[in-house]
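Take a look at the structure below.
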Amino acid sequence: MYTISLKPQKVAPVKTKFRTIKTAIPSPSFIKTFSKLSKYEPQSLSAMIGKLPVLWDRAVDFQVFDKDGNCWIDFTSTIFVANTGHANPRIIAALKSQLAKPLLHSYTYVTDIKAEFLEKLIKVAPKFCERAILFSGGSEAIEAAFLIMKAHGKSLDKSRIGIISFEGAMHGVTMASQMLSGNSEVLSAYGYSDPTVYCLPFPYPWVDARYSGAERFKKDINNLIKNGMKVKNIAGFMVEAYRGWGVIFYPPGYIKALVNFARRNNILVAFDEIQGGFGRTGKMFTFQHYGIMPNLVLVGKGLSSSLPLSAVLGRKEIFNGADSLDAYHSTHSGNPLSCAAGLANLEELESKNLVRESARKGKILLNQLDTLKNKHKDRIAYVNGKGLVAAVLFKNPKTGKPDGEFASRVCERAMQKGLLLVHTGRESIKIAPPLTIPDAALKEGIAVLKESIEEIIRN
């Protein structure tokens, strides 16, 4: 695996309307702060695998600034969070108003700001979402939905507690999240794996392409049944809205077949929208691309575009089964600052038509990425995406196999030129700028990506 260098490298200076690079990269301020962090964090946190060596001092709208006068176009939204832009003025004003009260923490007690936020959240959500429970992070929402589906199933039959998910899904870092992904290494460390969790293979486009989406689902679910899974014991499906590392959407018909199977067998469907929700894919929610209606929707990240906030939404009766299990709160559930940020964020999405803007700008992004792919067919295997989330998957031109080193080198070169990309650590680069990014900055960022790819090819 190629590791992005932490040794400062002299790079060509950059000065445009949107980018400035004036020091060696990594910059002096990064080296100083990173050295301090490395003394106190575990090695796994301080290691730069999957990260870029940039000191985030300020982030405003679609730009990130360090202390040394460098400025980057941000194609990461940190990690798909800043949908309405970094330090959005409406969110900042809402936080200042909440600070002035002052009310910084309220556990799960009753507050006006929590009521106002939930009212707005339910209003912008699809009609089947009648209730919502709040948490501080996506993993908490996953844990809650995991328990809600099991409790709901058990209310129908005491043996109905099974959950079906997908191999390799990224639902978070807690125990239920890891069980849902079938991560054998982590589960071995736990010393326990829930025997009622079953994993379908993800329907990658390069596997079993001779089958339609519906046929693939039928084949894969029948394989689980042949291997001992009993449909009557299944409470729910946990579905990642798209495969995160490569922004890979399910084949047409696959999700419809899954939902139809679930409806016929009285099984719940939970959609993990934590990364893709609130306009990221050009629709308010990713599941709307599939033309289906799940039972539970899990959201986070772009829900607030800033502070820790997540939620599980669904019909009111679905929540009833877990009422006695003490699963619907945590220390920071409904934190007043987070709720203020969330409310302002939803208002900003509406007032600036950012969902529609994501769809429009997404066409610019994907058209130009497709042009780039056609020019470098020997290097780019796939371009995936919808709205303002995309991924470029690279391959070795001689073997055709995934090329993670090339992707990492491209990320590094782009960073040296003033563009931040999502460095996955594997053969993909992900792109997810704030939905507020101007067309000119979006196009400039794509041009930098093109330059970086072509320079790495030449070198």
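A note on labels: chains of the structure tokens are A, B, ... as shown, every chain counts residues from 1, and ligands are counted from 1 in their shown order.
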
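The list of residues with at least one atom within 8 Å of Phe75 of chain A, based on only C-alpha atoms and without residues fewer than 2 positions apart in the same chain, reads Phe62, Ile73, Ser77, Leu419, Leu420, Leu421, Val422, Ile431, Ala432, Pro433, Pro434 and Gly445 of chain A.
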
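The closest residue to Lys51 of chain A, picked from A:Gly168, A:Thr3, A:Gln9, A:Pro102 and counting only C-alpha atoms, is A:Thr3.
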
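Across the structure, atom CA of Lys401 of chain A and atom CA of Arg413 of chain A are spaced 22.0 Å apart.
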
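Nearest residue to Trp245 of chain A among A:Arg263, A:His376, A:Arg315, A:Arg426 is A:Arg426, counting only C-alpha atoms.
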
Check: Which residues come within 9 Å of segment 139-146 of chain A, counting only C-alpha atoms, excluding same-chain residues fewer than 2 positions away, as a VMD selection string?
Finding: chain A and resid 133 to 137 148 to 151 163 171 to 177 236 238 270 272 274 296 to 300 310 to 312 327 to 328 330

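We find atom CA of Glu273 of chain A and atom CA of Pro336 of chain A to be spaced 22.8 Å apart.
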
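Shell of Asn396 of chain A at 9 Å, with only C-alpha atoms counted and residues fewer than 6 places along the chain excluded, is Asp378, Arg379, Ile380, Pro402, Asp403 and Phe406 of chain A.
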
Contacts of segment 387-395 of chain A within 10 Å, only C-alpha atoms, excl. fewer than 6 positions in-chain, as a PDB file with N, CA and C atoms, in the first residue's frame:
```pdb
ATOM      1  N   PHE A  75     -13.211  18.870  -1.964  1.00  0.00           N
ATOM      2  CA  PHE A  75     -14.069  17.875  -2.607  1.00  0.00           C
ATOM      3  C   PHE A  75     -14.392  16.740  -1.639  1.00  0.00           C
ATOM      4  N   THR A  76     -14.356  17.026  -0.312  1.00  0.00           N
ATOM      5  CA  THR A  76     -14.620  15.991   0.697  1.00  0.00           C
ATOM      6  C   THR A  76     -15.816  16.299   1.589  1.00  0.00           C
ATOM      7  N   PHE A  80     -18.368  13.900   3.933  1.00  0.00           N
ATOM      8  CA  PHE A  80     -19.759  13.939   3.467  1.00  0.00           C
ATOM      9  C   PHE A  80     -20.683  14.597   4.490  1.00  0.00           C
ATOM     10  N   ASN A  83     -22.893  19.514   3.734  1.00  0.00           N
ATOM     11  CA  ASN A  83     -23.742  19.645   2.547  1.00  0.00           C
ATOM     12  C   ASN A  83     -24.077  21.096   2.241  1.00  0.00           C
ATOM     13  N   GLY A 244     -20.256   2.429  -0.172  1.00  0.00           N
ATOM     14  CA  GLY A 244     -19.572   3.676   0.103  1.00  0.00           C
ATOM     15  C   GLY A 244     -18.247   3.883  -0.589  1.00  0.00           C
ATOM     16  N   TRP A 245     -17.334   2.911  -0.529  1.00  0.00           N
ATOM     17  CA  TRP A 245     -15.965   3.149  -0.992  1.00  0.00           C
ATOM     18  C   TRP A 245     -15.897   3.489  -2.484  1.00  0.00           C
ATOM     19  N   GLY A 246     -16.890   3.020  -3.260  1.00  0.00           N
ATOM     20  CA  GLY A 246     -16.850   3.277  -4.695  1.00  0.00           C
ATOM     21  C   GLY A 246     -18.097   3.949  -5.230  1.00  0.00           C
ATOM     22  N   VAL A 247     -18.976   4.438  -4.332  1.00  0.00           N
ATOM     23  CA  VAL A 247     -20.246   5.057  -4.723  1.00  0.00           C
ATOM     24  C   VAL A 247     -20.954   4.162  -5.755  1.00  0.00           C
ATOM     25  N   ILE A 248     -21.090   2.893  -5.409  1.00  0.00           N
ATOM     26  CA  ILE A 248     -21.659   1.907  -6.321  1.00  0.00           C
ATOM     27  C   ILE A 248     -23.122   1.668  -5.943  1.00  0.00           C
ATOM     28  N   GLN A 275     -24.668   8.635   4.892  1.00  0.00           N
ATOM     29  CA  GLN A 275     -23.745   9.330   3.998  1.00  0.00           C
ATOM     30  C   GLN A 275     -24.460  10.016   2.840  1.00  0.00           C
ATOM     31  N   GLY A 276     -25.552   9.452   2.364  1.00  0.00           N
ATOM     32  CA  GLY A 276     -26.150   9.918   1.122  1.00  0.00           C
ATOM     33  C   GLY A 276     -27.341  10.843   1.243  1.00  0.00           C
ATOM     34  N   GLY A 279     -29.779  15.610   0.050  1.00  0.00           N
ATOM     35  CA  GLY A 279     -29.367  16.244  -1.194  1.00  0.00           C
ATOM     36  C   GLY A 279     -28.067  15.773  -1.780  1.00  0.00           C
ATOM     37  N   ARG A 280     -27.315  14.974  -1.077  1.00  0.00           N
ATOM     38  CA  ARG A 280     -25.999  14.585  -1.556  1.00  0.00           C
ATOM     39  C   ARG A 280     -26.066  13.921  -2.941  1.00  0.00           C
ATOM     40  N   THR A 281     -27.070  13.086  -3.177  1.00  0.00           N
ATOM     41  CA  THR A 281     -27.159  12.346  -4.437  1.00  0.00           C
ATOM     42  C   THR A 281     -28.083  13.008  -5.460  1.00  0.00           C
ATOM     43  N   GLY A 282     -28.489  14.246  -5.209  1.00  0.00           N
ATOM     44  CA  GLY A 282     -29.371  14.932  -6.143  1.00  0.00           C
ATOM     45  C   GLY A 282     -30.839  14.742  -5.839  1.00  0.00           C
ATOM     46  N   LYS A 283     -31.154  13.984  -4.826  1.00  0.00           N
ATOM     47  CA  LYS A 283     -32.501  13.871  -4.265  1.00  0.00           C
ATOM     48  C   LYS A 283     -32.370  14.028  -2.760  1.00  0.00           C
ATOM     49  N   THR A 286     -31.462   9.095  -0.829  1.00  0.00           N
ATOM     50  CA  THR A 286     -30.965   8.225  -1.884  1.00  0.00           C
ATOM     51  C   THR A 286     -31.986   7.172  -2.285  1.00  0.00           C
ATOM     52  N   VAL A 355     -30.961  20.777  -3.015  1.00  0.00           N
ATOM     53  CA  VAL A 355     -31.159  19.431  -3.558  1.00  0.00           C
ATOM     54  C   VAL A 355     -31.203  19.502  -5.085  1.00  0.00           C
ATOM     55  N   ARG A 356     -31.945  20.450  -5.589  1.00  0.00           N
ATOM     56  CA  ARG A 356     -32.010  20.647  -7.039  1.00  0.00           C
ATOM     57  C   ARG A 356     -30.641  21.055  -7.592  1.00  0.00           C
ATOM     58  N   GLU A 357     -29.924  21.896  -6.848  1.00  0.00           N
ATOM     59  CA  GLU A 357     -28.590  22.315  -7.270  1.00  0.00           C
ATOM     60  C   GLU A 357     -27.617  21.130  -7.308  1.00  0.00           C
ATOM     61  N   SER A 358     -27.764  20.212  -6.366  1.00  0.00           N
ATOM     62  CA  SER A 358     -26.916  19.026  -6.355  1.00  0.00           C
ATOM     63  C   SER A 358     -27.139  18.204  -7.618  1.00  0.00           C
ATOM     64  N   ALA A 359     -28.391  18.053  -8.007  1.00  0.00           N
ATOM     65  CA  ALA A 359     -28.693  17.306  -9.228  1.00  0.00           C
ATOM     66  C   ALA A 359     -28.119  18.007 -10.455  1.00  0.00           C
ATOM     67  N   ARG A 360     -28.261  19.324 -10.514  1.00  0.00           N
ATOM     68  CA  ARG A 360     -27.753  20.082 -11.669  1.00  0.00           C
ATOM     69  C   ARG A 360     -26.230  20.037 -11.735  1.00  0.00           C
ATOM     70  N   LYS A 361     -25.574  20.320 -10.619  1.00  0.00           N
ATOM     71  CA  LYS A 361     -24.108  20.315 -10.602  1.00  0.00           C
ATOM     72  C   LYS A 361     -23.559  18.901 -10.792  1.00  0.00           C
ATOM     73  N   GLY A 362     -24.334  17.917 -10.338  1.00  0.00           N
ATOM     74  CA  GLY A 362     -23.909  16.536 -10.521  1.00  0.00           C
ATOM     75  C   GLY A 362     -23.753  16.169 -11.981  1.00  0.00           C
ATOM     76  N   LYS A 363     -24.589  16.743 -12.835  1.00  0.00           N
ATOM     77  CA  LYS A 363     -24.465  16.478 -14.271  1.00  0.00           C
ATOM     78  C   LYS A 363     -23.147  17.037 -14.808  1.00  0.00           C
ATOM     79  N   ILE A 364     -22.761  18.212 -14.312  1.00  0.00           N
ATOM     80  CA  ILE A 364     -21.471  18.788 -14.710  1.00  0.00           C
ATOM     81  C   ILE A 364     -20.338  17.868 -14.278  1.00  0.00           C
ATOM     82  N   LEU A 365     -20.387  17.464 -13.015  1.00  0.00           N
ATOM     83  CA  LEU A 365     -19.337  16.616 -12.449  1.00  0.00           C
ATOM     84  C   LEU A 365     -19.222  15.296 -13.201  1.00  0.00           C
ATOM     85  N   LEU A 366     -20.329  14.585 -13.348  1.00  0.00           N
ATOM     86  CA  LEU A 366     -20.271  13.248 -13.931  1.00  0.00           C
ATOM     87  C   LEU A 366     -19.987  13.287 -15.428  1.00  0.00           C
ATOM     88  N   LEU A 369     -16.257  13.760 -15.617  1.00  0.00           N
ATOM     89  CA  LEU A 369     -15.559  12.540 -15.195  1.00  0.00           C
ATOM     90  C   LEU A 369     -15.666  11.457 -16.259  1.00  0.00           C
ATOM     91  N   ASP A 370     -16.832  11.364 -16.912  1.00  0.00           N
ATOM     92  CA  ASP A 370     -16.989  10.389 -18.001  1.00  0.00           C
ATOM     93  C   ASP A 370     -16.042  10.719 -19.163  1.00  0.00           C
ATOM     94  N   LEU A 372     -13.193  12.206 -18.851  1.00  0.00           N
ATOM     95  CA  LEU A 372     -11.871  11.825 -18.357  1.00  0.00           C
ATOM     96  C   LEU A 372     -11.667  10.312 -18.479  1.00  0.00           C
ATOM     97  N   LYS A 373     -12.695   9.551 -18.153  1.00  0.00           N
ATOM     98  CA  LYS A 373     -12.610   8.084 -18.260  1.00  0.00           C
ATOM     99  C   LYS A 373     -12.399   7.658 -19.712  1.00  0.00           C
ATOM    100  N   HIS A 376      -8.877   8.084 -20.686  1.00  0.00           N
ATOM    101  CA  HIS A 376      -7.898   7.210 -20.012  1.00  0.00           C
ATOM    102  C   HIS A 376      -8.532   5.857 -19.696  1.00  0.00           C
ATOM    103  N   LYS A 377      -9.047   5.205 -20.738  1.00  0.00           N
ATOM    104  CA  LYS A 377      -9.728   3.921 -20.557  1.00  0.00           C
ATOM    105  C   LYS A 377      -8.821   2.840 -19.992  1.00  0.00           C
ATOM    106  N   ASP A 378      -7.528   2.974 -20.225  1.00  0.00           N
ATOM    107  CA  ASP A 378      -6.600   1.971 -19.707  1.00  0.00           C
ATOM    108  C   ASP A 378      -6.331   2.145 -18.223  1.00  0.00           C
ATOM    109  N   ARG A 379      -6.636   3.315 -17.682  1.00  0.00           N
ATOM    110  CA  ARG A 379      -6.366   3.615 -16.275  1.00  0.00           C
ATOM    111  C   ARG A 379      -7.632   3.689 -15.418  1.00  0.00           C
ATOM    112  N   ILE A 380      -8.725   4.158 -15.984  1.00  0.00           N
ATOM    113  CA  ILE A 380      -9.962   4.343 -15.208  1.00  0.00           C
ATOM    114  C   ILE A 380     -10.944   3.229 -15.550  1.00  0.00           C
ATOM    115  N   ALA A 381     -11.269   2.427 -14.552  1.00  0.00           N
ATOM    116  CA  ALA A 381     -12.160   1.288 -14.763  1.00  0.00           C
ATOM    117  C   ALA A 381     -13.628   1.700 -14.700  1.00  0.00           C
ATOM    118  N   LYS A 401      -6.144  -5.090 -12.997  1.00  0.00           N
ATOM    119  CA  LYS A 401      -6.537  -5.245 -11.600  1.00  0.00           C
ATOM    120  C   LYS A 401      -6.628  -3.882 -10.909  1.00  0.00           C
ATOM    121  N   PRO A 402      -7.396  -3.803  -9.795  1.00  0.00           N
ATOM    122  CA  PRO A 402      -7.518  -2.540  -9.054  1.00  0.00           C
ATOM    123  C   PRO A 402      -6.155  -1.990  -8.662  1.00  0.00           C
ATOM    124  N   ASP A 403      -5.998  -0.659  -8.774  1.00  0.00           N
ATOM    125  CA  ASP A 403      -4.698  -0.021  -8.534  1.00  0.00           C
ATOM    126  C   ASP A 403      -4.827   1.038  -7.439  1.00  0.00           C
ATOM    127  N   GLY A 404      -4.675   0.598  -6.195  1.00  0.00           N
ATOM    128  CA  GLY A 404      -4.780   1.499  -5.063  1.00  0.00           C
ATOM    129  C   GLY A 404      -3.632   2.480  -4.976  1.00  0.00           C
ATOM    130  N   GLU A 405      -2.445   2.050  -5.377  1.00  0.00           N
ATOM    131  CA  GLU A 405      -1.283   2.943  -5.308  1.00  0.00           C
ATOM    132  C   GLU A 405      -1.465   4.139  -6.229  1.00  0.00           C
ATOM    133  N   PHE A 406      -1.979   3.905  -7.430  1.00  0.00           N
ATOM    134  CA  PHE A 406      -2.195   5.000  -8.368  1.00  0.00           C
ATOM    135  C   PHE A 406      -3.196   6.002  -7.798  1.00  0.00           C
ATOM    136  N   ALA A 407      -4.283   5.489  -7.208  1.00  0.00           N
ATOM    137  CA  ALA A 407      -5.294   6.376  -6.613  1.00  0.00           C
ATOM    138  C   ALA A 407      -4.694   7.233  -5.510  1.00  0.00           C
ATOM    139  N   VAL A 422     -11.334  12.647  -1.359  1.00  0.00           N
ATOM    140  CA  VAL A 422     -11.488  11.616  -0.328  1.00  0.00           C
ATOM    141  C   VAL A 422     -10.558  10.462  -0.669  1.00  0.00           C
ATOM    142  N   ARG A 426      -7.831   2.681  -1.094  1.00  0.00           N
ATOM    143  CA  ARG A 426      -7.892   1.567  -2.035  1.00  0.00           C
ATOM    144  C   ARG A 426      -7.955   2.120  -3.457  1.00  0.00           C
ATOM    145  N   GLU A 427      -8.516   1.401  -4.423  1.00  0.00           N
ATOM    146  CA  GLU A 427      -8.412   1.825  -5.826  1.00  0.00           C
ATOM    147  C   GLU A 427      -9.327   2.973  -6.212  1.00  0.00           C
ATOM    148  N   SER A 428     -10.049   3.505  -5.263  1.00  0.00           N
ATOM    149  CA  SER A 428     -11.017   4.558  -5.576  1.00  0.00           C
ATOM    150  C   SER A 428     -10.625   5.906  -4.978  1.00  0.00           C
ATOM    151  N   ILE A 429     -11.046   6.949  -5.677  1.00  0.00           N
ATOM    152  CA  ILE A 429     -11.031   8.311  -5.144  1.00  0.00           C
ATOM    153  C   ILE A 429     -12.484   8.763  -5.118  1.00  0.00           C
ATOM    154  N   LYS A 430     -12.898   9.336  -4.008  1.00  0.00           N
ATOM    155  CA  LYS A 430     -14.273   9.821  -3.907  1.00  0.00           C
ATOM    156  C   LYS A 430     -14.305  11.348  -3.960  1.00  0.00           C
ATOM    157  N   ILE A 431     -15.403  11.845  -4.490  1.00  0.00           N
ATOM    158  CA  ILE A 431     -15.582  13.277  -4.695  1.00  0.00           C
ATOM    159  C   ILE A 431     -16.926  13.680  -4.106  1.00  0.00           C
ATOM    160  N   ALA A 432     -16.916  14.639  -3.203  1.00  0.00           N
ATOM    161  CA  ALA A 432     -18.170  15.054  -2.566  1.00  0.00           C
ATOM    162  C   ALA A 432     -18.043  16.485  -2.047  1.00  0.00           C
ATOM    163  N   PRO A 433     -18.036  17.471  -2.932  1.00  0.00           N
ATOM    164  CA  PRO A 433     -17.931  18.868  -2.479  1.00  0.00           C
ATOM    165  C   PRO A 433     -19.215  19.323  -1.803  1.00  0.00           C
ATOM    166  N   PRO A 434     -19.169  20.383  -1.016  1.00  0.00           N
ATOM    167  CA  PRO A 434     -20.410  20.967  -0.495  1.00  0.00           C
ATOM    168  C   PRO A 434     -21.363  21.283  -1.647  1.00  0.00           C
ATOM    169  N   LEU A 435     -22.657  21.151  -1.395  1.00  0.00           N
ATOM    170  CA  LEU A 435     -23.653  21.399  -2.434  1.00  0.00           C
ATOM    171  C   LEU A 435     -23.669  22.861  -2.858  1.00  0.00           C
ATOM    172  N   ILE A 437     -21.001  24.636  -3.676  1.00  0.00           N
ATOM    173  CA  ILE A 437     -19.826  24.988  -4.470  1.00  0.00           C
ATOM    174  C   ILE A 437     -20.244  25.674  -5.777  1.00  0.00           C
TER     175      ILE A 437
END
```

Note to self: Can you pull out every residue from segment 25-115 of chain A that DSSP, working from the backbone, puts in strand (DSSP E), and format the result as an MDAnalysis selection string?
What the structure shows: chainID A and resid 58:60 63:65 71:74

Item checked: Between atom CA of Val448 of chain A and atom CA of Pro13 of chain A - distance in Å to one decimal -> 13.7 Å

Check: Looking only at the backbone, which of the residues in segment 80-210 of chain A does DSSP tag as helix (DSSP H, G or I), as a VMD selection string?
Finding: chain A and resid 80 89 to 99 112 to 124 138 to 156 175 to 181 184 to 190

Next item on the list: Choose the residue, out of A:Phe249, A:Lys256, A:Lys154, A:Glu454, that has the smallest atom-to-atom separation from Lys375 of chain A; count only C-alpha atoms.
Entry: A:Glu454

Next item on the list: Please provide as a list in words all residues within 12 Å of Glu215 of chain A, with the sequence filter that same-chain residues fewer than 5 positions apart are discarded (counting only C-alpha atoms).
Entry: Pro203, Asp208, Ala209, Arg210, Asp220, Ile221, Asn222, Pro251, Pro252, Gly253, Tyr254, Ile255, Lys256, Ala257 and Leu258 of chain A

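For the residues A:Val207, A:Glu41, A:Tyr192, A:Ile164, ranking by smallest atom-to-atom distance to Ala262 of chain A using only C-alpha atoms places A:Ile164 first.
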
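Checking A:Ala447, A:Val383, A:Leu309, A:Ile318 one by one against Val81 of chain A, counting only C-alpha atoms, you find the shortest gap at A:Leu309.
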
Checklist line | Within 10 Å of Asp112 of chain A using only C-alpha atoms, minus same-chain residues under 5 positions, as a PyMOL selection string | finding: chain A and resi 117+336+339-340

Residues of the last selection are to be written out with C-alpha atoms, as a CSV table (one decimal), in the first residue's frame.
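Full text of part-v8.csv as output:
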```
chain,number,residue,atom,x,y,z
A,117,PHE,CA,-36.1,20.8,14.8
A,336,PRO,CA,-29.7,21.9,21.8
A,339,CYS,CA,-30.7,20.7,17.0
A,340,ALA,CA,-30.2,24.4,16.3
```
